[in-house]
>>> print(open('protein29.pdb').read())   # PDB, C-alpha atoms, pLDDT in the B column
MODEL        1
ATOM      1  CA  MET A1135     -48.083 146.705 -61.897  1.00 38.00           C
ATOM      2  CA  THR A1136     -45.820 149.107 -59.990  1.00 41.00           C
ATOM      3  CA  ILE A1137     -47.433 152.324 -58.825  1.00 42.00           C
ATOM      4  CA  PRO A1138     -44.938 155.169 -59.213  1.00 44.00           C
ATOM      5  CA  ASN A1139     -44.033 157.121 -56.106  1.00 48.00           C
ATOM      6  CA  PRO A1140     -43.270 160.765 -56.938  1.00 48.00           C
ATOM      7  CA  LEU A1141     -40.780 160.933 -54.057  1.00 52.00           C
ATOM      8  CA  VAL A1142     -38.831 157.761 -54.831  1.00 52.00           C
ATOM      9  CA  SER A1143     -37.927 156.858 -58.390  1.00 53.00           C
ATOM     10  CA  GLN A1144     -37.807 153.191 -59.353  1.00 55.00           C
ATOM     11  CA  ARG A1145     -34.182 153.683 -60.402  1.00 56.00           C
ATOM     12  CA  SER A1146     -33.265 155.016 -56.926  1.00 51.00           C
ATOM     13  CA  LEU A1147     -35.049 152.136 -55.277  1.00 48.00           C
ATOM     14  CA  ASN A1148     -33.343 149.558 -57.516  1.00 54.00           C
ATOM     15  CA  ILE A1149     -29.901 151.050 -56.837  1.00 50.00           C
ATOM     16  CA  ALA A1150     -30.517 151.090 -53.080  1.00 47.00           C
ATOM     17  CA  LEU A1151     -31.870 147.554 -52.976  1.00 52.00           C
ATOM     18  CA  SER A1152     -28.951 146.179 -55.011  1.00 58.00           C
ATOM     19  CA  ARG A1153     -26.454 147.236 -52.340  1.00 59.00           C
ATOM     20  CA  PRO A1154     -25.409 144.744 -49.660  1.00 66.00           C
ATOM     21  CA  LEU A1155     -27.249 144.961 -46.345  1.00 71.00           C
ATOM     22  CA  PRO A1156     -25.471 147.082 -43.737  1.00 79.00           C
ATOM     23  CA  LYS A1157     -24.349 145.369 -40.550  1.00 87.00           C
ATOM     24  CA  TYR A1158     -26.528 146.354 -37.616  1.00 90.00           C
ATOM     25  CA  LEU A1159     -27.480 145.459 -34.064  1.00 93.00           C
ATOM     26  CA  THR A1160     -30.959 144.600 -32.877  1.00 91.00           C
ATOM     27  CA  ARG A1161     -32.503 146.727 -30.162  1.00 93.00           C
ATOM     28  CA  ASN A1162     -31.911 143.920 -27.634  1.00 95.00           C
ATOM     29  CA  GLU A1163     -28.254 143.715 -28.631  1.00 96.00           C
ATOM     30  CA  VAL A1164     -27.806 147.479 -28.203  1.00 97.00           C
ATOM     31  CA  HIS A1165     -29.492 147.315 -24.794  1.00 97.00           C
ATOM     32  CA  ALA A1166     -27.070 144.544 -23.793  1.00 98.00           C
ATOM     33  CA  VAL A1167     -24.094 146.686 -24.864  1.00 98.00           C
ATOM     34  CA  LEU A1168     -25.471 149.665 -22.931  1.00 98.00           C
ATOM     35  CA  ALA A1169     -26.037 147.513 -19.838  1.00 98.00           C
ATOM     36  CA  TYR A1170     -22.341 146.596 -19.764  1.00 98.00           C
ATOM     37  CA  ALA A1171     -21.371 150.264 -20.111  1.00 98.00           C
ATOM     38  CA  ARG A1172     -23.666 151.411 -17.272  1.00 97.00           C
ATOM     39  CA  ALA A1173     -20.777 151.540 -14.757  1.00 97.00           C
ATOM     40  CA  ASN A1174     -18.852 154.053 -16.901  1.00 98.00           C
ATOM     41  CA  PRO A1175     -20.977 157.210 -17.396  1.00 98.00           C
ATOM     42  CA  ARG A1176     -18.797 158.604 -20.202  1.00 98.00           C
ATOM     43  CA  ASP A1177     -18.818 155.418 -22.236  1.00 98.00           C
ATOM     44  CA  HIS A1178     -22.525 154.815 -21.622  1.00 98.00           C
ATOM     45  CA  LEU A1179     -23.372 158.343 -22.772  1.00 98.00           C
ATOM     46  CA  PHE A1180     -21.178 157.998 -25.850  1.00 98.00           C
ATOM     47  CA  LEU A1181     -22.771 154.680 -26.855  1.00 98.00           C
ATOM     48  CA  ASN A1182     -26.260 155.931 -26.059  1.00 98.00           C
ATOM     49  CA  LEU A1183     -25.737 159.021 -28.232  1.00 98.00           C
ATOM     50  CA  LEU A1184     -24.523 156.844 -31.103  1.00 97.00           C
ATOM     51  CA  TRP A1185     -27.640 154.690 -30.678  1.00 97.00           C
ATOM     52  CA  GLN A1186     -30.219 157.454 -30.221  1.00 96.00           C
ATOM     53  CA  THR A1187     -28.970 159.995 -32.770  1.00 95.00           C
ATOM     54  CA  GLY A1188     -27.478 157.971 -35.615  1.00 92.00           C
ATOM     55  CA  ALA A1189     -24.500 160.338 -35.552  1.00 94.00           C
ATOM     56  CA  ARG A1190     -21.270 159.514 -37.324  1.00 91.00           C
ATOM     57  CA  VAL A1191     -18.467 159.024 -34.817  1.00 96.00           C
ATOM     58  CA  SER A1192     -16.619 162.126 -36.095  1.00 94.00           C
ATOM     59  CA  GLU A1193     -19.773 164.235 -35.599  1.00 94.00           C
ATOM     60  CA  LEU A1194     -20.269 162.977 -32.074  1.00 96.00           C
ATOM     61  CA  LEU A1195     -16.658 163.657 -31.153  1.00 96.00           C
ATOM     62  CA  GLU A1196     -17.199 167.310 -32.103  1.00 95.00           C
ATOM     63  CA  LEU A1197     -20.325 167.632 -29.910  1.00 97.00           C
ATOM     64  CA  ARG A1198     -20.240 170.504 -27.423  1.00 97.00           C
ATOM     65  CA  PRO A1199     -22.643 171.450 -24.604  1.00 97.00           C
ATOM     66  CA  SER A1200     -23.790 174.436 -26.677  1.00 97.00           C
ATOM     67  CA  ASP A1201     -25.080 171.978 -29.315  1.00 97.00           C
ATOM     68  CA  ILE A1202     -27.696 170.610 -26.926  1.00 97.00           C
ATOM     69  CA  ASP A1203     -31.016 172.360 -26.391  1.00 97.00           C
ATOM     70  CA  PRO A1204     -32.711 170.874 -23.323  1.00 96.00           C
ATOM     71  CA  TYR A1205     -35.878 172.947 -23.791  1.00 96.00           C
ATOM     72  CA  ILE A1206     -36.860 171.718 -27.221  1.00 96.00           C
ATOM     73  CA  LYS A1207     -34.925 168.436 -26.733  1.00 96.00           C
ATOM     74  CA  THR A1208     -32.638 168.613 -29.740  1.00 96.00           C
ATOM     75  CA  ILE A1209     -28.984 168.088 -30.567  1.00 96.00           C
ATOM     76  CA  LYS A1210     -27.178 169.960 -33.347  1.00 95.00           C
ATOM     77  CA  LEU A1211     -24.757 167.878 -35.360  1.00 94.00           C
ATOM     78  CA  THR A1212     -22.376 169.257 -37.946  1.00 90.00           C
ATOM     79  CA  THR A1213     -22.287 167.045 -41.016  1.00 83.00           C
ATOM     80  CA  LEU A1214     -18.522 166.876 -41.450  1.00 74.00           C
ATOM     81  CA  LYS A1215     -18.693 164.621 -44.501  1.00 68.00           C
ATOM     82  CA  VAL A1216     -20.107 167.404 -46.711  1.00 67.00           C
ATOM     83  CA  LYS A1217     -17.987 170.272 -48.013  1.00 74.00           C
ATOM     84  CA  ASN A1218     -19.998 173.201 -46.581  1.00 79.00           C
ATOM     85  CA  LYS A1219     -20.544 171.311 -43.260  1.00 79.00           C
ATOM     86  CA  PRO A1220     -24.300 171.836 -42.846  1.00 84.00           C
ATOM     87  CA  VAL A1221     -25.795 171.581 -39.378  1.00 89.00           C
ATOM     88  CA  ARG A1222     -28.723 169.266 -38.790  1.00 90.00           C
ATOM     89  CA  VAL A1223     -30.956 169.192 -35.742  1.00 93.00           C
ATOM     90  CA  ILE A1224     -31.889 165.819 -34.286  1.00 93.00           C
ATOM     91  CA  PRO A1225     -34.790 165.460 -31.842  1.00 94.00           C
ATOM     92  CA  VAL A1226     -33.973 163.342 -28.796  1.00 96.00           C
ATOM     93  CA  GLN A1227     -35.894 162.002 -25.847  1.00 96.00           C
ATOM     94  CA  ALA A1228     -35.928 163.712 -22.437  1.00 96.00           C
ATOM     95  CA  GLU A1229     -34.147 160.773 -20.796  1.00 97.00           C
ATOM     96  CA  LEU A1230     -31.129 161.234 -23.082  1.00 97.00           C
ATOM     97  CA  ILE A1231     -31.047 164.994 -22.393  1.00 97.00           C
ATOM     98  CA  LYS A1232     -31.034 164.200 -18.664  1.00 98.00           C
ATOM     99  CA  GLU A1233     -28.158 161.735 -19.097  1.00 98.00           C
ATOM    100  CA  ILE A1234     -26.149 164.366 -20.998  1.00 98.00           C
ATOM    101  CA  PHE A1235     -26.647 167.044 -18.351  1.00 97.00           C
ATOM    102  CA  ASP A1236     -26.036 164.633 -15.452  1.00 98.00           C
ATOM    103  CA  TYR A1237     -22.729 163.758 -17.093  1.00 98.00           C
ATOM    104  CA  LEU A1238     -21.839 167.427 -17.755  1.00 97.00           C
ATOM    105  CA  GLU A1239     -22.642 168.361 -14.172  1.00 97.00           C
ATOM    106  CA  LYS A1240     -19.896 165.981 -13.006  1.00 97.00           C
ATOM    107  CA  ASN A1241     -17.605 166.675 -15.977  1.00 97.00           C
ATOM    108  CA  PRO A1242     -18.088 170.364 -16.852  1.00 96.00           C
ATOM    109  CA  THR A1243     -16.688 171.618 -20.147  1.00 94.00           C
ATOM    110  CA  ASN A1244     -17.338 174.286 -22.740  1.00 92.00           C
ATOM    111  CA  ASP A1245     -15.298 172.342 -25.233  1.00 95.00           C
ATOM    112  CA  ARG A1246     -15.967 168.915 -26.743  1.00 97.00           C
ATOM    113  CA  ILE A1247     -17.982 166.590 -24.506  1.00 97.00           C
ATOM    114  CA  PHE A1248     -15.896 163.567 -25.505  1.00 97.00           C
ATOM    115  CA  ASN A1249     -12.220 164.409 -25.400  1.00 94.00           C
ATOM    116  CA  PHE A1250     -10.848 161.328 -27.110  1.00 94.00           C
ATOM    117  CA  SER A1251      -9.857 160.233 -30.600  1.00 96.00           C
ATOM    118  CA  ARG A1252     -11.725 158.244 -33.261  1.00 95.00           C
ATOM    119  CA  GLN A1253      -9.434 155.330 -32.472  1.00 97.00           C
ATOM    120  CA  ASN A1254     -10.421 155.451 -28.800  1.00 97.00           C
ATOM    121  CA  ALA A1255     -14.081 155.667 -29.836  1.00 97.00           C
ATOM    122  CA  HIS A1256     -13.636 152.435 -31.792  1.00 97.00           C
ATOM    123  CA  LEU A1257     -11.990 150.799 -28.776  1.00 98.00           C
ATOM    124  CA  VAL A1258     -14.911 151.827 -26.530  1.00 98.00           C
ATOM    125  CA  VAL A1259     -17.413 150.282 -28.935  1.00 98.00           C
ATOM    126  CA  GLN A1260     -15.338 147.120 -29.397  1.00 98.00           C
ATOM    127  CA  HIS A1261     -14.865 146.660 -25.652  1.00 98.00           C
ATOM    128  CA  TYR A1262     -18.557 146.769 -24.747  1.00 98.00           C
ATOM    129  CA  CYS A1263     -19.698 144.864 -27.825  1.00 98.00           C
ATOM    130  CA  LYS A1264     -17.264 142.069 -26.942  1.00 97.00           C
ATOM    131  CA  ARG A1265     -18.602 141.960 -23.388  1.00 97.00           C
ATOM    132  CA  ALA A1266     -22.155 141.720 -24.785  1.00 98.00           C
ATOM    133  CA  GLY A1267     -21.145 138.848 -27.076  1.00 97.00           C
ATOM    134  CA  ILE A1268     -21.391 140.845 -30.320  1.00 97.00           C
ATOM    135  CA  ASP A1269     -19.136 139.564 -33.112  1.00 95.00           C
ATOM    136  CA  SER A1270     -16.200 141.770 -34.108  1.00 94.00           C
ATOM    137  CA  LYS A1271     -17.574 142.428 -37.616  1.00 94.00           C
ATOM    138  CA  ARG A1272     -20.445 144.411 -36.066  1.00 95.00           C
ATOM    139  CA  SER A1273     -18.412 146.027 -33.265  1.00 96.00           C
ATOM    140  CA  HIS A1274     -17.977 149.392 -34.935  1.00 96.00           C
ATOM    141  CA  PRO A1275     -19.388 152.871 -34.203  1.00 96.00           C
ATOM    142  CA  HIS A1276     -20.963 153.024 -37.675  1.00 90.00           C
ATOM    143  CA  THR A1277     -22.950 149.893 -36.831  1.00 94.00           C
ATOM    144  CA  PHE A1278     -24.828 151.994 -34.257  1.00 96.00           C
ATOM    145  CA  ARG A1279     -25.702 154.469 -37.021  1.00 88.00           C
ATOM    146  CA  HIS A1280     -27.207 151.660 -39.106  1.00 88.00           C
ATOM    147  CA  SER A1281     -28.955 150.288 -36.024  1.00 91.00           C
ATOM    148  CA  PHE A1282     -30.507 153.693 -35.289  1.00 90.00           C
ATOM    149  CA  ALA A1283     -31.844 153.978 -38.841  1.00 88.00           C
ATOM    150  CA  ILE A1284     -33.236 150.459 -38.941  1.00 86.00           C
ATOM    151  CA  ASN A1285     -34.836 150.799 -35.511  1.00 88.00           C
ATOM    152  CA  ALA A1286     -36.490 154.091 -36.536  1.00 87.00           C
ATOM    153  CA  ILE A1287     -37.804 152.694 -39.831  1.00 83.00           C
ATOM    154  CA  LEU A1288     -39.062 149.471 -38.234  1.00 82.00           C
ATOM    155  CA  GLN A1289     -41.065 151.604 -35.810  1.00 82.00           C
ATOM    156  CA  GLY A1290     -42.736 153.543 -38.608  1.00 80.00           C
ATOM    157  CA  THR A1291     -40.548 156.634 -39.022  1.00 82.00           C
ATOM    158  CA  PRO A1292     -40.816 157.804 -42.652  1.00 82.00           C
ATOM    159  CA  VAL A1293     -37.680 157.143 -44.694  1.00 79.00           C
ATOM    160  CA  MET A1294     -37.371 160.814 -45.644  1.00 78.00           C
ATOM    161  CA  VAL A1295     -37.347 161.815 -41.957  1.00 82.00           C
ATOM    162  CA  VAL A1296     -34.607 159.252 -41.285  1.00 79.00           C
ATOM    163  CA  GLN A1297     -32.704 160.668 -44.273  1.00 81.00           C
ATOM    164  CA  THR A1298     -32.818 164.128 -42.671  1.00 80.00           C
ATOM    165  CA  TRP A1299     -31.767 162.822 -39.263  1.00 85.00           C
ATOM    166  CA  LEU A1300     -28.823 160.939 -40.777  1.00 80.00           C
ATOM    167  CA  GLY A1301     -27.755 163.879 -42.931  1.00 75.00           C
ATOM    168  CA  HIS A1302     -27.819 161.841 -46.144  1.00 62.00           C
ATOM    169  CA  GLN A1303     -27.604 164.011 -49.243  1.00 67.00           C
ATOM    170  CA  ALA A1304     -29.196 161.346 -51.463  1.00 59.00           C
ATOM    171  CA  LEU A1305     -32.315 159.385 -50.597  1.00 61.00           C
ATOM    172  CA  GLN A1306     -30.656 156.297 -52.132  1.00 63.00           C
ATOM    173  CA  SER A1307     -28.329 156.149 -49.143  1.00 59.00           C
ATOM    174  CA  THR A1308     -31.302 155.812 -46.781  1.00 58.00           C
ATOM    175  CA  LEU A1309     -33.386 153.478 -48.941  1.00 66.00           C
ATOM    176  CA  ILE A1310     -31.004 150.570 -48.247  1.00 70.00           C
ATOM    177  CA  TYR A1311     -32.642 150.264 -44.832  1.00 69.00           C
ATOM    178  CA  THR A1312     -35.993 149.437 -46.430  1.00 68.00           C
ATOM    179  CA  LYS A1313     -34.443 146.157 -47.577  1.00 68.00           C
ATOM    180  CA  ILE A1314     -34.173 145.127 -43.941  1.00 66.00           C
ATOM    181  CA  LEU A1315     -37.666 146.453 -43.277  1.00 63.00           C
ATOM    182  CA  ALA A1316     -39.064 144.159 -45.973  1.00 62.00           C
ATOM    183  CA  SER A1317     -37.426 141.067 -44.490  1.00 59.00           C
ATOM    184  CA  ASP A1318     -38.376 141.976 -40.924  1.00 57.00           C
ATOM    185  CA  THR A1319     -42.079 142.538 -41.567  1.00 59.00           C
ATOM    186  CA  LEU A1320     -43.035 139.502 -43.645  1.00 57.00           C
ATOM    187  CA  HIS A1321     -44.989 138.103 -40.669  1.00 53.00           C
ATOM    188  CA  LEU A1322     -47.400 141.056 -40.861  1.00 57.00           C
ATOM    189  CA  ILE A1323     -48.986 139.787 -44.079  1.00 59.00           C
ATOM    190  CA  ASP A1324     -50.806 137.107 -42.067  1.00 64.00           C
ATOM    191  CA  ASN A1325     -52.757 139.824 -40.236  1.00 64.00           C
ATOM    192  CA  ILE A1326     -54.018 141.542 -43.386  1.00 63.00           C
ATOM    193  CA  GLN A1327     -57.457 140.601 -44.645  1.00 60.00           C
ATOM    194  CA  PHE A1328     -57.925 140.317 -48.403  1.00 71.00           C
TER     195      PHE A1328
ENDMDL
END
>>> encode(input="protein29.pdb", output="structure tokens")
Amino acid sequence: MTIPNPLVSQRSLNIALSRPLPKYLTRNEVHAVLAYARANPRDHLFLNLLWQTGARVSELLELRPSDIDPYIKTIKLTTLKVKNKPVRVIPVQAELIKEIFDYLEKNPTNDRIFNFSRQNAHLVVQHYCKRAGIDSKRSHPHTFRHSFAINAILQGTPVMVVQTWLGHQALQSTLIYTKILASDTLHLIDNIQF
């Protein structure tokens, strides 16, 4: 017997679970990519922001210093994919805030933090993924978005919180990540007493 969840309809869940799994990187794979980028502060910051915010590449390329609040540790992202371009606020860790301001101290700007194109963003991701031994099918900025979501859900972040952080209009878009959660937590059943 299925117990209905008032927040997630069975139809929404079925639609989400019928979609193919998104390509993603494990946390260890992301850390390997970041390790190779360590020597280039701009590229490391860009990759780290993709990883720790789940931002779309276009949103991150529009990021300005005024979008970062170091006191409450948040980053404002404009959801460019939606017509009225709503702004969402993403909480981030203090270490990432420090990396941003260390970079801005050496590269001051009031304009966009990353002054390069989407194409160059793809090249940055491809370059460091290749160095880390990541296959080309997963060497894409959007893969970091999926990786962020999966990492958050695997660590117990509620799906509706992840939906808000990602700026998804429909919960169905976020529910796809629960498919990976199910396959990645099968070992836990052995620890449950019945």
>>> resolve_selection(input="protein29.pdb", expression="the PyMOL selection byres ((chain A and resi 1280) around 12)", output="ChimeraX atom specification")
/A:1155-1161,1164,1184-1190,1272-1279,1281-1287,1296-1297,1300,1307-1312,1314
>>> closest_residue(input="protein29.pdb", among="A:Arg1265, A:Arg1222, A:Lys1271, A:Arg1176", to="Tyr1237 of chain A", atoms="all atoms listed in the file")
A:Arg1176
>>> closest_residue(input="protein29.pdb", among="A:Ser1192, A:Asn1174, A:Thr1212, A:Asn1182", to="Trp1299 of chain A", atoms="only C-alpha atoms")
A:Thr1212
>>> closest_residue(input="protein29.pdb", among="A:Leu1194, A:Ala1266, A:Leu1179, A:Leu1257", to="Ile1231 of chain A", atoms="all atoms listed in the file")
A:Leu1179
>>> axis_aligned_box(input="protein29.pdb", around="segment 1233-1238 of chain A", padding_each_side="3 Å", output="JSON")
{"center_x": -25.0, "center_y": 164.6, "center_z": -18.2, "size_x": 12.3, "size_y": 11.7, "size_z": 11.5}
>>> resolve_selection(input="protein29.pdb", expression="the PyMOL selection byres ((chain A and resi 1196) around 8)", output="list in words")
Ser1192, Glu1193, Leu1194, Leu1195, Leu1197, Arg1198, Arg1246, Ile1247 and Phe1248 of chain A
>>> closest_residue(input="protein29.pdb", among="A:Lys1217, A:Asp1177, A:Phe1328, A:Asp1201", to="Asn1254 of chain A", atoms="all atoms listed in the file")
A:Asp1177
>>> closest_residue(input="protein29.pdb", among="A:Val1293, A:Val1167, A:Val1191, A:Thr1298", to="Gln1253 of chain A", atoms="all atoms listed in the file")
A:Val1191
>>> closest_residue(input="protein29.pdb", among="A:Leu1183, A:Val1226, A:Val1221, A:Ala1171", to="Thr1208 of chain A", atoms="all atoms listed in the file")
A:Val1226
>>> atom_distance(input="protein29.pdb", atom1="atom CA of Pro1220 of chain A", atom2="atom CA of Asn1241 of chain A")
28.2 Å
>>> atom_distance(input="protein29.pdb", atom1="atom CA of Pro1199 of chain A", atom2="atom CA of Ala1166 of chain A")
27.3 Å
>>> atom_distance(input="protein29.pdb", atom1="atom CA of Leu1168 of chain A", atom2="atom CA of Val1223 of chain A")
24.0 Å
>>> decode(input="protein29.pdb", residues="segment 1216-1227 of chain A", atoms="C-alpha atoms", output="PDB file, in the first residue's frame")
ATOM      1  CA  VAL A1216      12.221  32.061 -16.262  1.00  0.00           C
ATOM      2  CA  LYS A1217      10.450  34.964 -17.950  1.00  0.00           C
ATOM      3  CA  ASN A1218      10.260  37.363 -14.969  1.00  0.00           C
ATOM      4  CA  LYS A1219      13.843  36.426 -13.880  1.00  0.00           C
ATOM      5  CA  PRO A1220      13.230  35.801 -10.167  1.00  0.00           C
ATOM      6  CA  VAL A1221      16.152  36.074  -7.776  1.00  0.00           C
ATOM      7  CA  ARG A1222      16.903  33.204  -5.435  1.00  0.00           C
ATOM      8  CA  VAL A1223      19.221  33.280  -2.451  1.00  0.00           C
ATOM      9  CA  ILE A1224      21.567  30.350  -1.929  1.00  0.00           C
ATOM     10  CA  PRO A1225      23.298  29.782   1.417  1.00  0.00           C
ATOM     11  CA  VAL A1226      27.004  29.002   1.112  1.00  0.00           C
ATOM     12  CA  GLN A1227      29.757  28.010   3.481  1.00  0.00           C
TER      13      GLN A1227
END
